[in-house]
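Quick look at query.cif (mmCIF, C-alpha atoms and all ligand atoms):
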data_start
loop_
_atom_site.label_atom_id
_atom_site.label_comp_id
_atom_site.auth_asym_id
_atom_site.auth_seq_id
_atom_site.Cartn_x
_atom_site.Cartn_y
_atom_site.Cartn_z
CA MET A 6 57.81 49.53 35.96
CA SER A 7 61.51 50.25 35.68
CA LEU A 8 62.41 53.67 34.32
CA PRO A 9 65.65 54.35 32.48
CA VAL A 10 67.92 55.97 35.02
CA THR A 11 69.62 59.31 34.58
CA PRO A 12 73.33 58.64 34.04
CA SER A 13 76.02 60.04 36.27
CA GLN A 14 78.38 62.74 34.99
CA THR A 15 81.62 63.99 36.49
CA ILE A 16 81.36 66.60 39.24
CA GLY A 17 83.89 68.71 37.31
CA PRO A 18 86.24 71.30 38.80
CA PHE A 19 83.77 74.09 39.60
CA TYR A 20 81.45 72.75 42.32
CA GLY A 21 83.31 74.67 45.02
CA GLU A 22 80.89 77.61 45.31
CA ALA A 23 77.89 75.28 45.34
CA LEU A 24 78.44 72.21 47.47
CA PRO A 25 80.86 72.73 50.38
CA VAL A 26 79.36 74.52 53.39
CA PRO A 27 80.96 76.01 56.51
CA GLY A 28 81.13 73.35 59.22
CA GLY A 29 80.23 70.69 56.68
CA GLY A 30 82.86 68.34 58.08
CA GLU A 31 81.77 68.77 61.69
CA PRO A 32 78.61 66.81 62.40
CA ALA A 33 79.65 66.34 66.04
CA PRO A 34 77.89 68.87 68.25
CA ALA A 35 80.39 71.49 69.42
CA GLY A 36 82.39 70.30 72.41
CA HIS A 37 80.79 66.84 72.57
CA PRO A 38 83.07 64.64 74.71
CA ASP A 39 82.65 61.57 72.48
CA THR A 40 83.83 63.38 69.34
CA VAL A 41 86.19 61.39 67.14
CA THR A 42 88.46 63.10 64.65
CA LEU A 43 88.92 61.25 61.39
CA HIS A 44 91.50 62.64 59.03
CA GLY A 45 93.53 61.57 56.06
CA ARG A 46 94.29 62.27 52.47
CA VAL A 47 92.93 61.32 49.09
CA TYR A 48 95.61 60.08 46.65
CA ASP A 49 95.55 59.25 42.98
CA GLY A 50 97.18 56.15 41.53
CA GLY A 51 100.52 57.91 41.25
CA GLY A 52 100.57 58.74 44.95
CA THR A 53 99.82 62.42 44.34
CA PRO A 54 97.38 64.03 46.78
CA VAL A 55 94.04 64.96 45.19
CA PRO A 56 93.37 68.60 46.11
CA ASP A 57 89.89 68.90 44.64
CA ALA A 58 87.98 65.88 45.91
CA LEU A 59 84.70 66.14 47.80
CA LEU A 60 83.92 63.57 50.50
CA GLU A 61 80.44 62.89 51.83
CA PHE A 62 79.84 60.79 54.93
CA TRP A 63 76.61 59.24 56.12
CA GLN A 64 76.34 57.25 59.32
CA ALA A 65 74.20 56.01 62.18
CA ALA A 66 73.89 58.10 65.31
CA PRO A 67 75.66 56.75 68.44
CA ASP A 68 72.41 55.03 69.48
CA GLY A 69 72.29 53.19 66.14
CA SER A 70 69.50 55.33 64.72
CA LEU A 71 69.57 55.95 60.97
CA ALA A 72 66.75 58.48 61.04
CA GLY A 73 69.10 61.41 60.47
CA ALA A 74 68.01 65.00 61.04
CA PRO A 75 67.86 68.17 58.96
CA GLY A 76 70.47 70.83 59.43
CA SER A 77 73.61 69.43 57.78
CA LEU A 78 74.02 72.53 55.60
CA ALA A 79 73.39 75.07 58.35
CA ARG A 80 74.43 73.41 61.58
CA ASP A 81 72.83 74.55 64.82
CA GLY A 82 75.75 73.24 66.91
CA VAL A 83 73.48 70.84 68.82
CA THR A 84 71.76 68.43 66.45
CA PHE A 85 73.60 65.38 65.16
CA THR A 86 72.48 64.97 61.54
CA GLY A 87 74.62 61.98 60.50
CA PHE A 88 75.68 63.67 57.25
CA ALA A 89 78.93 65.45 56.50
CA ARG A 90 80.45 66.99 53.43
CA VAL A 91 84.08 68.03 53.32
CA PRO A 92 86.35 69.03 50.42
CA THR A 93 90.03 68.09 50.42
CA GLY A 94 92.55 70.89 50.76
CA ARG A 95 95.53 71.73 48.61
CA ASP A 96 97.47 68.84 50.17
CA GLY A 97 94.66 66.34 49.61
CA ARG A 98 93.80 66.39 53.29
CA TYR A 99 90.37 66.28 54.92
CA VAL A 100 89.21 66.35 58.52
CA LEU A 101 85.92 65.03 59.88
CA ARG A 102 84.77 65.55 63.45
CA THR A 103 81.92 63.21 64.22
CA LEU A 104 80.38 60.93 66.83
CA PRO A 105 81.05 57.19 66.77
CA PRO A 106 78.38 55.32 64.83
CA GLY A 107 76.14 52.95 66.76
CA GLY A 108 75.24 49.54 65.37
CA ALA A 109 77.51 48.68 62.47
CA PRO A 110 80.87 50.35 63.25
CA PHE A 111 81.43 52.16 59.97
CA LEU A 112 80.73 55.35 58.10
CA SER A 113 79.47 55.21 54.54
CA LEU A 114 81.70 57.37 52.35
CA CYS A 115 81.01 58.76 48.88
CA VAL A 116 83.98 60.23 46.99
CA PHE A 117 83.65 62.77 44.18
CA ALA A 118 86.47 64.31 42.16
CA PRO A 119 87.03 66.00 38.81
CA GLY A 120 88.28 63.40 36.38
CA LEU A 121 86.08 60.71 37.93
CA SER A 122 83.10 59.91 35.71
CA ARG A 123 81.12 58.62 38.63
CA HIS A 124 81.36 58.94 42.40
CA LEU A 125 82.82 56.06 44.41
CA PHE A 126 81.29 54.45 47.48
CA THR A 127 83.33 52.93 50.26
CA ARG A 128 83.19 52.43 54.03
CA VAL A 129 85.34 53.62 56.92
CA TYR A 130 85.43 50.98 59.67
CA PHE A 131 86.52 52.00 63.16
CA ALA A 132 86.65 48.39 64.36
CA LEU A 133 86.37 44.90 62.92
CA PRO A 134 82.71 44.04 63.35
CA GLU A 135 81.60 40.69 64.76
CA ASP A 136 79.34 39.67 61.92
CA ASP A 137 79.97 41.68 58.84
CA PRO A 138 79.06 40.27 55.45
CA LEU A 139 81.63 42.36 53.59
CA LEU A 140 85.02 42.34 55.29
CA PRO A 141 85.65 38.59 55.77
CA ALA A 142 85.19 38.01 52.03
CA LEU A 143 88.02 40.41 51.18
CA PRO A 144 91.69 39.45 51.02
CA ALA A 145 93.48 40.74 54.12
CA GLY A 146 95.45 43.32 52.19
CA ARG A 147 92.40 44.84 50.61
CA ARG A 148 90.41 44.63 53.85
CA ALA A 149 92.94 46.94 55.47
CA THR A 150 92.02 49.73 53.04
CA LEU A 151 88.64 50.03 54.81
CA LEU A 152 89.99 50.23 58.35
CA ALA A 153 90.68 53.54 60.01
CA THR A 154 93.80 53.33 62.14
CA GLU A 155 94.05 54.89 65.58
CA ASP A 156 96.27 57.92 65.63
CA PRO A 157 98.78 57.44 68.46
CA GLY A 158 99.17 60.43 70.70
CA THR A 159 95.81 61.96 69.80
CA HIS A 160 92.56 61.93 71.70
CA ARG A 161 90.13 59.75 69.77
CA GLY A 162 91.94 60.48 66.51
CA TYR A 163 91.80 58.16 63.51
CA ARG A 164 93.47 58.17 60.14
CA PHE A 165 91.88 57.01 56.90
CA ASP A 166 93.41 57.56 53.47
CA VAL A 167 91.62 57.01 50.18
CA HIS A 168 93.63 55.68 47.24
CA LEU A 169 91.64 56.12 44.04
CA SER A 170 93.82 53.61 42.19
CA GLY A 171 97.24 51.99 42.28
CA GLU A 172 98.69 49.25 44.45
CA ARG A 173 96.94 50.48 47.57
CA GLU A 174 93.63 51.09 45.81
CA THR A 175 90.79 51.43 48.30
CA VAL A 176 88.01 48.87 48.09
CA PHE A 177 85.09 50.60 46.40
CA LEU A 178 81.59 49.21 46.68
CA GLU A 179 78.51 48.71 44.61
CA PHE A 180 75.04 47.76 45.68
CA PRO A 181 73.79 45.07 43.31
CA CYS A 182 70.12 45.40 44.10
CA ALA A 183 70.48 48.78 42.46
CA GLY A 184 70.43 47.02 39.10
CA ARG A 185 72.95 49.57 37.98
CA THR A 186 73.29 49.88 34.25
CA GLU A 187 76.55 49.60 32.41
CA GLU A 188 76.70 53.20 31.27
CA SER A 189 76.40 54.53 34.79
CA ARG A 190 79.51 52.66 35.91
CA PRO A 191 82.81 54.43 36.03
CA SER A 192 84.42 54.32 32.65
CA GLY A 193 87.34 51.94 32.49
CA SER A 194 90.85 52.67 33.59
CA MET B 19 52.31 73.07 35.95
CA ALA B 20 52.31 71.23 32.64
CA SER B 21 51.05 67.72 33.04
CA GLU B 22 52.62 65.69 30.30
CA PRO B 23 52.64 62.16 31.68
CA LEU B 24 56.07 61.20 32.87
CA GLN B 25 56.22 57.99 30.90
CA GLU B 26 55.54 59.89 27.72
CA GLN B 27 58.30 62.34 28.44
CA LEU B 28 60.76 59.59 29.26
CA SER B 29 59.92 57.57 26.17
CA ARG B 30 60.11 60.53 23.83
CA PRO B 31 62.21 59.68 20.79
CA ILE B 32 65.89 60.06 21.28
CA PRO B 33 66.93 63.50 20.02
CA ASP B 34 68.29 63.46 16.54
CA PHE B 35 71.93 63.91 17.44
CA THR B 36 73.81 62.12 14.74
CA ASP B 37 77.55 61.81 15.00
CA PRO B 38 79.16 64.97 13.69
CA PRO B 39 81.28 64.58 10.60
CA ALA B 40 84.93 63.94 11.22
CA ALA B 41 86.37 67.36 10.68
CA ALA B 42 88.91 67.89 7.96
CA PRO B 43 92.38 68.01 9.46
CA ALA B 44 93.66 71.55 9.79
CA ASN B 45 97.45 71.82 9.88
CA GLY B 46 97.61 68.07 10.23
CA ALA B 47 95.51 67.96 13.41
CA PRO B 48 91.77 67.28 13.37
CA ALA B 49 89.63 70.19 14.51
CA TYR B 50 87.67 67.90 16.80
CA ASP B 51 88.55 64.79 18.67
CA LEU B 52 85.34 62.83 19.18
CA ALA B 53 86.82 60.35 21.65
CA PRO B 54 84.52 60.08 24.67
CA TYR B 55 85.87 61.44 27.95
CA ARG B 56 87.51 58.72 30.02
CA GLY B 57 88.44 60.77 33.03
CA LEU B 58 91.91 61.26 34.49
CA PRO B 59 93.63 57.85 34.25
CA LEU B 60 95.31 58.06 37.67
CA ARG B 61 91.96 58.73 39.31
CA GLN B 62 90.17 55.69 37.87
CA PRO B 63 90.05 52.61 40.09
CA ALA B 64 91.53 49.67 38.21
CA ARG B 65 89.58 47.07 40.12
CA PRO B 66 85.86 46.52 39.70
CA PRO B 67 83.71 47.64 42.63
CA VAL B 68 83.01 44.97 45.24
CA PRO B 69 79.34 44.06 45.45
CA VAL B 70 77.83 44.43 48.91
CA LEU B 71 75.51 41.48 49.21
CA GLY B 72 72.56 42.58 51.24
CA PRO B 73 73.70 46.19 51.59
CA GLY B 74 73.77 47.40 55.14
CA ALA B 75 70.98 49.53 56.50
CA VAL B 76 73.36 52.45 56.37
CA GLU B 77 73.44 52.69 52.57
CA LEU B 78 69.70 52.01 52.38
CA THR B 79 68.98 55.15 54.35
CA GLY B 80 70.26 58.63 53.77
CA PRO B 81 70.56 62.13 55.12
CA VAL B 82 67.49 64.23 55.81
CA PHE B 83 67.18 67.82 54.67
CA GLY B 84 64.67 70.45 55.62
CA PRO B 85 63.90 74.14 55.68
CA ALA B 86 66.86 74.61 58.01
CA ASP B 87 69.09 73.72 55.06
CA VAL B 88 67.39 75.57 52.22
CA GLY B 89 66.02 79.08 52.21
CA PRO B 90 63.00 79.99 50.09
CA LEU B 91 65.10 82.21 47.81
CA ASP B 92 67.87 79.67 47.27
CA SER B 93 66.12 78.31 44.19
CA ASP B 94 66.10 81.67 42.37
CA LEU B 95 69.59 82.30 41.04
CA THR B 96 68.49 85.64 39.59
CA ARG B 97 67.73 87.14 43.02
CA GLN B 98 70.89 86.51 44.99
CA HIS B 99 72.42 89.93 44.41
CA ARG B 100 71.34 93.56 44.31
CA GLY B 101 70.87 93.58 40.55
CA GLU B 102 69.68 91.16 37.92
CA PRO B 103 72.15 88.90 36.14
CA LEU B 104 72.63 89.30 32.41
CA GLY B 105 71.38 86.61 30.10
CA GLU B 106 68.28 84.80 28.95
CA ARG B 107 66.11 84.09 31.97
CA ILE B 108 64.92 80.48 32.21
CA THR B 109 63.14 78.20 34.60
CA VAL B 110 64.17 74.58 34.94
CA SER B 111 61.75 72.24 36.65
CA GLY B 112 60.80 68.60 36.74
CA ARG B 113 60.41 65.60 38.99
CA VAL B 114 62.85 63.39 40.85
CA LEU B 115 61.80 59.74 40.82
CA ASP B 116 63.19 56.36 41.71
CA ARG B 117 63.44 53.54 39.19
CA HIS B 118 59.91 52.47 40.01
CA GLY B 119 58.51 55.87 39.19
CA ARG B 120 57.88 56.82 42.79
CA PRO B 121 58.46 60.47 43.66
CA VAL B 122 61.50 61.27 45.75
CA ARG B 123 59.99 63.67 48.28
CA GLY B 124 61.58 66.34 50.42
CA GLN B 125 65.09 65.67 49.17
CA LEU B 126 67.85 68.08 48.36
CA VAL B 127 68.55 69.24 44.80
CA GLU B 128 71.58 71.45 44.21
CA VAL B 129 72.70 73.16 40.99
CA TRP B 130 75.73 75.09 39.79
CA GLN B 131 76.47 76.61 36.43
CA ALA B 132 78.43 79.13 34.42
CA ASN B 133 76.98 82.59 33.85
CA ALA B 134 75.56 83.70 30.50
CA ALA B 135 79.07 84.38 29.22
CA GLY B 136 80.33 80.91 30.09
CA ARG B 137 82.28 81.81 33.25
CA TYR B 138 81.98 80.20 36.68
CA THR B 139 82.25 82.14 39.92
CA HIS B 140 85.14 79.94 40.97
CA ARG B 141 88.75 80.97 41.44
CA ALA B 142 89.95 78.04 39.33
CA ASP B 143 87.98 79.14 36.27
CA ARG B 144 90.47 81.00 34.08
CA HIS B 145 88.23 81.35 31.02
CA ALA B 146 88.61 84.87 29.59
CA ALA B 147 84.92 85.68 29.78
CA PRO B 148 83.42 88.27 32.13
CA LEU B 149 82.18 87.52 35.61
CA ASP B 150 78.70 88.83 36.35
CA PRO B 151 78.59 90.66 39.68
CA ASN B 152 74.92 89.76 39.94
CA PHE B 153 75.30 86.04 39.40
CA THR B 154 76.93 83.38 41.56
CA GLY B 155 75.38 80.45 39.71
CA THR B 156 74.51 78.18 42.63
CA GLY B 157 71.11 77.11 43.89
CA ARG B 158 69.31 74.69 46.19
CA CYS B 159 65.79 73.46 46.72
CA LEU B 160 63.88 70.58 48.28
CA THR B 161 61.58 68.40 46.20
CA ASP B 162 57.90 68.76 47.08
CA GLY B 163 55.36 66.06 47.87
CA GLU B 164 55.27 64.99 44.22
CA GLY B 165 59.05 64.96 43.86
CA ARG B 166 59.04 68.26 41.96
CA TYR B 167 61.89 70.76 41.97
CA HIS B 168 62.04 74.23 40.42
CA PHE B 169 64.85 76.70 39.66
CA THR B 170 64.86 80.17 38.13
CA THR B 171 68.16 81.10 36.55
CA VAL B 172 69.77 82.30 33.30
CA ARG B 173 70.84 80.13 30.43
CA PRO B 174 74.56 79.40 30.87
CA GLY B 175 77.06 80.07 28.12
CA ALA B 176 79.39 77.56 26.49
CA TYR B 177 83.00 77.49 27.62
CA PRO B 178 86.25 75.97 26.34
CA TRP B 179 88.04 73.16 28.13
CA ASN B 180 91.21 71.22 27.70
CA HIS B 181 89.94 67.82 26.61
CA HIS B 182 91.43 68.45 23.19
CA ARG B 183 92.23 71.43 21.00
CA ASN B 184 89.12 73.50 20.25
CA ALA B 185 86.89 71.61 22.71
CA TRP B 186 83.89 73.53 24.07
CA ARG B 187 81.44 72.41 26.71
CA PRO B 188 77.84 72.86 25.60
CA PRO B 189 75.72 75.02 27.92
CA HIS B 190 74.79 72.83 30.90
CA LEU B 191 73.64 72.87 34.49
CA HIS B 192 75.40 70.67 37.06
CA PHE B 193 72.93 68.86 39.32
CA SER B 194 73.47 67.14 42.67
CA LEU B 195 70.65 64.92 43.99
CA PHE B 196 69.89 62.83 47.04
CA GLY B 197 67.43 59.98 47.13
CA THR B 198 65.97 58.33 50.18
CA ALA B 199 68.97 55.95 50.19
CA PHE B 200 72.58 57.11 50.27
CA ALA B 201 73.21 54.54 47.50
CA GLN B 202 70.94 56.64 45.25
CA ARG B 203 73.27 59.64 45.33
CA LEU B 204 73.67 61.25 41.91
CA VAL B 205 75.73 64.06 40.42
CA THR B 206 75.04 64.73 36.77
CA GLN B 207 74.59 67.46 34.15
CA MET B 208 71.61 68.78 32.21
CA TYR B 209 71.89 69.91 28.58
CA PHE B 210 69.63 71.98 26.34
CA PRO B 211 67.59 70.55 23.47
CA GLY B 212 68.70 71.24 19.94
CA ASP B 213 72.13 72.42 20.99
CA PRO B 214 74.61 71.82 18.16
CA LEU B 215 77.52 71.55 20.60
CA VAL B 216 76.13 68.52 22.41
CA PRO B 217 77.07 65.81 19.90
CA TYR B 218 80.66 67.10 19.89
CA ASP B 219 80.93 67.00 23.68
CA ALA B 220 83.28 64.34 25.03
CA LEU B 221 81.50 64.26 28.37
CA TRP B 222 78.12 63.69 26.78
CA ARG B 223 79.66 61.13 24.44
CA ALA B 224 81.09 59.31 27.44
CA ILE B 225 77.52 58.23 28.19
CA GLY B 226 77.64 55.32 25.80
CA ASP B 227 74.02 54.24 25.78
CA PRO B 228 71.73 56.29 23.47
CA VAL B 229 68.78 56.04 25.85
CA ALA B 230 70.90 57.29 28.73
CA ARG B 231 72.31 60.07 26.54
CA ALA B 232 68.79 61.27 25.88
CA ARG B 233 68.02 61.31 29.61
CA VAL B 234 70.37 64.23 30.26
CA ILE B 235 68.76 66.54 27.69
CA ALA B 236 65.95 68.77 28.93
CA ALA B 237 62.81 69.51 26.93
CA TYR B 238 61.70 73.00 26.01
CA ASP B 239 58.19 73.28 27.44
CA PRO B 240 56.25 76.40 26.33
CA ALA B 241 53.64 75.59 28.96
CA ARG B 242 56.29 76.36 31.55
CA ASN B 243 57.22 79.74 30.12
CA VAL B 244 56.39 82.61 32.42
CA PRO B 245 54.86 85.14 29.99
CA GLU B 246 56.98 88.24 29.51
CA TRP B 247 59.51 86.77 31.93
CA SER B 248 61.23 83.44 31.28
CA LEU B 249 61.53 80.38 29.06
CA GLY B 250 60.58 77.03 30.55
CA TYR B 251 62.57 73.81 30.42
CA ARG B 252 61.49 70.50 31.82
CA TRP B 253 63.88 67.85 33.05
CA ASP B 254 62.87 64.73 34.97
CA ILE B 255 65.52 62.78 36.84
CA VAL B 256 65.43 59.07 37.67
CA LEU B 257 67.70 57.93 40.48
CA ASP B 258 69.37 54.56 40.36
CA GLY B 259 69.84 52.45 43.43
CA PRO B 260 67.68 50.85 46.08
CA ALA B 261 64.88 52.98 47.46
CA ALA B 262 64.72 53.01 51.23
CA THR B 263 60.96 53.03 51.54
CA PRO B 264 59.31 50.64 49.07
CA ALA B 265 55.67 51.45 48.40
CA GLU B 266 55.64 54.05 51.14
CA GLY B 267 52.05 54.75 52.07
CA GLY B 268 50.88 52.60 49.17
CA ARG B 269 52.09 55.07 46.55
FE FE C 1 80.51 72.78 33.86
#
Show me, as structure tokens, the structure contained in the file I just sent.
Ligand SMILES: [Fe+3]
Amino acid sequence: MSLPVTPSQTIGPFYGEALPVPGGGEPAPAGHPDTVTLHGRVYDGGGTPVPDALLEFWQAAPDGSLAGAPGSLARDGVTFTGFARVPTGRDGRYVLRTLPPGGAPFLSLCVFAPGLSRHLFTRVYFALPEDDPLLPALPAGRRATLLATEDPGTHRGYRFDVHLSGERETVFLEFPCAGRTEESRPSGS
Amino acid sequence: MASEPLQEQLSRPIPDFTDPPAAAPANGAPAYDLAPYRGLPLRQPARPPVPVLGPGAVELTGPVFGPADVGPLDSDLTRQHRGEPLGERITVSGRVLDRHGRPVRGQLVEVWQANAAGRYTHRADRHAAPLDPNFTGTGRCLTDGEGRYHFTTVRPGAYPWNHHRNAWRPPHLHFSLFGTAFAQRLVTQMYFPGDPLVPYDALWRAIGDPVARARVIAAYDPARNVPEWSLGYRWDIVLDGPAATPAEGGR
């Protein structure tokens, strides 16, 4: 049995009272010494910061576990849930405070924004993994769009910008076993 | 709970939304532009997405939600303030399933919507319609063991938007859903059956496929009315993407 899937629709401009939560971008337990700070901006194809994007991160715990834990929407300050949700600010900027992922060294990132018909998946790599099926297949220039860069002069700080389109367009991903249908893809450029 | 078999509901004939007539030009400009919404051009990636062959375990799993995240009253949008919101009280319920028809259990469903006058509780909404001090228009719940969700709310109003001159969004609820895999993430909108605004809506028209267009329209279900209280709508949601737990427990 394969049911017809429900198509995606744009998140629109008015999700702000519903989806962001206080502390949503801080999955790292308060004061944890291994906390990494990932920050950056979301840009459109004209290089203008996107002030109304919503970023969701999902990742393995430092021990490599992908079991997750409840509590992402009302953090208890102790539990690492693996999920974060953070809106961009007026200047297109976001900040995520998290723990380094165990196992594969990347965060899965889902980007929503008004004017996007469908969300976009990508990955934030903190290091070039030894055996990764994705990165080696990409041209070097495009590969770089998935690598967070260490922020000199900060303690465990990393920078990662998202370019929705344009010359520096971030590599966005699809998962073919999804059997995604044509109408659920982002509408053309 | 009404028990119309899911397959029957999903294979119901596509609602009879024929293309509206091209409106006679008024002052040289057509009253309606029926071009489907294409999004903001500068926000659309120009390159096709890169397939991840053998997606990593990360995207095949997803966040976990529980009672810590969702309070028991979060699913009743009519009880979040001291008084009752204005408008026609409705319940919206249904099931969340994966492509194979398996229930998506214990996952987060979030909704947001305009109030009965067509105004969002959001500082960016400049529509000249009244705010309702008793309505925020946001809700959350977790799906139960059968993948069911349930919200009590009021029917939202239509509101104008800037897609073209004289464009109005049909009444709709925004939905955010999580599956068992992060790759199943879905944000979409639910529309009301028989609404004459729907076939004019550029966002609905942007869903090219007629079967998929039908999937975003709820069904009025009298069996789900609460007598003397609310009108019942049924909307089942099928998530795309790889499920994390095939045939979990043989179901
Ligand atoms: Fe809306």
Exercise for review: Could I get the residue neighbourhood of ligand FE 1 (chain C) at 9 Å, counting all atoms listed in the file, as a VMD selection string?
Suggested key: (chain A and resid 16 to 20) or (chain B and resid 130 to 132 136 138 176 to 177 187 to 192 207)
Practice item. Write out as number ranges by chain each polymer residue whose atoms come within 12 Å of Pro178 (chain B), counting only C-alpha atoms; drop sequence neighbours fewer than 2 positions from it. Key: B: 132, 135-138, 143-147, 175-176, 180-189, 215, 219
Output, as JSON, the centre and edge lengths in Å (one decimal) of the axis-aligned box that contains all listed atoms of region 64-76 of chain A with 4 Å of margin on each side.
{"center_x": 71.5, "center_y": 62.0, "center_z": 64.2, "size_x": 17.6, "size_y": 25.6, "size_z": 18.5}
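The interatomic distance for the pair CA of Pro211 (chain B) and CA of Ala118 (chain A) works out to 27.3 Å.
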Check your understanding: With only C-alpha atoms as the atoms that count, which of A:Arg148, A:His37, A:His168, A:Arg90 lies nearest to Leu104 (chain A)?
Key -> A:His37
**Study point:** Between CA of Asp51 (chain B) and CA of Ala134 (chain B), distance in Å (one decimal)
**Key:** 25.8 Å
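Counting from CA of Met208 (chain B), the distance to CA of Gln14 (chain A) is 9.5 Å.
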**Study point:** Shell around Val116 (chain A) at 8 Å using all atoms listed in the file, local window under 5 positions removed, as an MDAnalysis selection string
**Key:** chainID A and resid 58:61 124:126
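With all atoms listed in the file as the atoms that count, the residue of A:Gly50, A:Gly94, A:Val26, A:Thr40 with the shortest distance to Ala79 (chain A) is A:Val26.
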Review point. Got a sec: who's within 9 Å of Thr154 (chain A), counting all atoms listed in the file, leaving out chain neighbours fewer than 6 positions off, as an NGL selection string?
Key: :A and (131-132 or 162-165)
Check your understanding: Using all atoms listed in the file, which residues sit within 9 Å of Ala230 (chain B) once same-chain residues fewer than 3 positions away are excluded, as a PyMOL selection string?
Key -> (chain A and resi 9-12+188-189) or (chain B and resi 225-227+233-234)
Would you output that residue set with C-alpha atoms, as a PDB file, in the coordinates of the input?
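Wrote part-v2.pdb, looks like this:
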ATOM      1  CA  PRO A   9      65.650  54.350  32.480  1.00  0.00           C
ATOM      2  CA  VAL A  10      67.920  55.970  35.020  1.00  0.00           C
ATOM      3  CA  THR A  11      69.620  59.310  34.580  1.00  0.00           C
ATOM      4  CA  PRO A  12      73.330  58.640  34.040  1.00  0.00           C
ATOM      5  CA  GLU A 188      76.700  53.200  31.270  1.00  0.00           C
ATOM      6  CA  SER A 189      76.400  54.530  34.790  1.00  0.00           C
TER       7      SER A 189
ATOM      8  CA  ILE B 225      77.520  58.230  28.190  1.00  0.00           C
ATOM      9  CA  GLY B 226      77.640  55.320  25.800  1.00  0.00           C
ATOM     10  CA  ASP B 227      74.020  54.240  25.780  1.00  0.00           C
ATOM     11  CA  ARG B 233      68.020  61.310  29.610  1.00  0.00           C
ATOM     12  CA  VAL B 234      70.370  64.230  30.260  1.00  0.00           C
TER      13      VAL B 234
END
Review point. Leaving out region 116-128 of chain B and any residue of its chain fewer than 6 positions from it, which residues lie within 9 Å of it when counting all atoms listed in the file, given as a PyMOL selection string?
Key: (chain A and resi 6-10+23-24) or (chain B and resi 24-25+81-84+87-88+93+156-167+192-198+202+255-261+264-265+269)
Exercise for review: Place a sphere of radius 7 Å on (90.7, 57.4, 50.2) in the file coordinates and name every protein, DNA or RNA residue with an atom inside or on its surface, counting all atoms listed in the file; give the answer as a PyMOL selection string.
Suggested key: chain A and resi 46-48+165-169+175
Writer output for current selection, C-alpha atoms, as an mmCIF file, in the frame of the given file:
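Once written, result14.cif looks like this:
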data_model
loop_
_atom_site.group_PDB
_atom_site.id
_atom_site.type_symbol
_atom_site.label_atom_id
_atom_site.label_comp_id
_atom_site.auth_asym_id
_atom_site.auth_seq_id
_atom_site.Cartn_x
_atom_site.Cartn_y
_atom_site.Cartn_z
ATOM 1 C CA ARG A 46 94.290 62.270 52.470
ATOM 2 C CA VAL A 47 92.930 61.320 49.090
ATOM 3 C CA TYR A 48 95.610 60.080 46.650
ATOM 4 C CA PHE A 165 91.880 57.010 56.900
ATOM 5 C CA ASP A 166 93.410 57.560 53.470
ATOM 6 C CA VAL A 167 91.620 57.010 50.180
ATOM 7 C CA HIS A 168 93.630 55.680 47.240
ATOM 8 C CA LEU A 169 91.640 56.120 44.040
ATOM 9 C CA THR A 175 90.790 51.430 48.300
#
Practice item. Using all atoms listed in the file, pick whichever of A:Thr127, A:Thr103, A:Thr159, A:Thr93 has the shortest atom-to-atom distance to chain B. Key: A:Thr127
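Nearest-residue note for chain A: choosing from B:Asp94, B:Glu77, B:Asp239, B:Glu246, the minimum distance belongs to B:Glu77, counting only C-alpha atoms.
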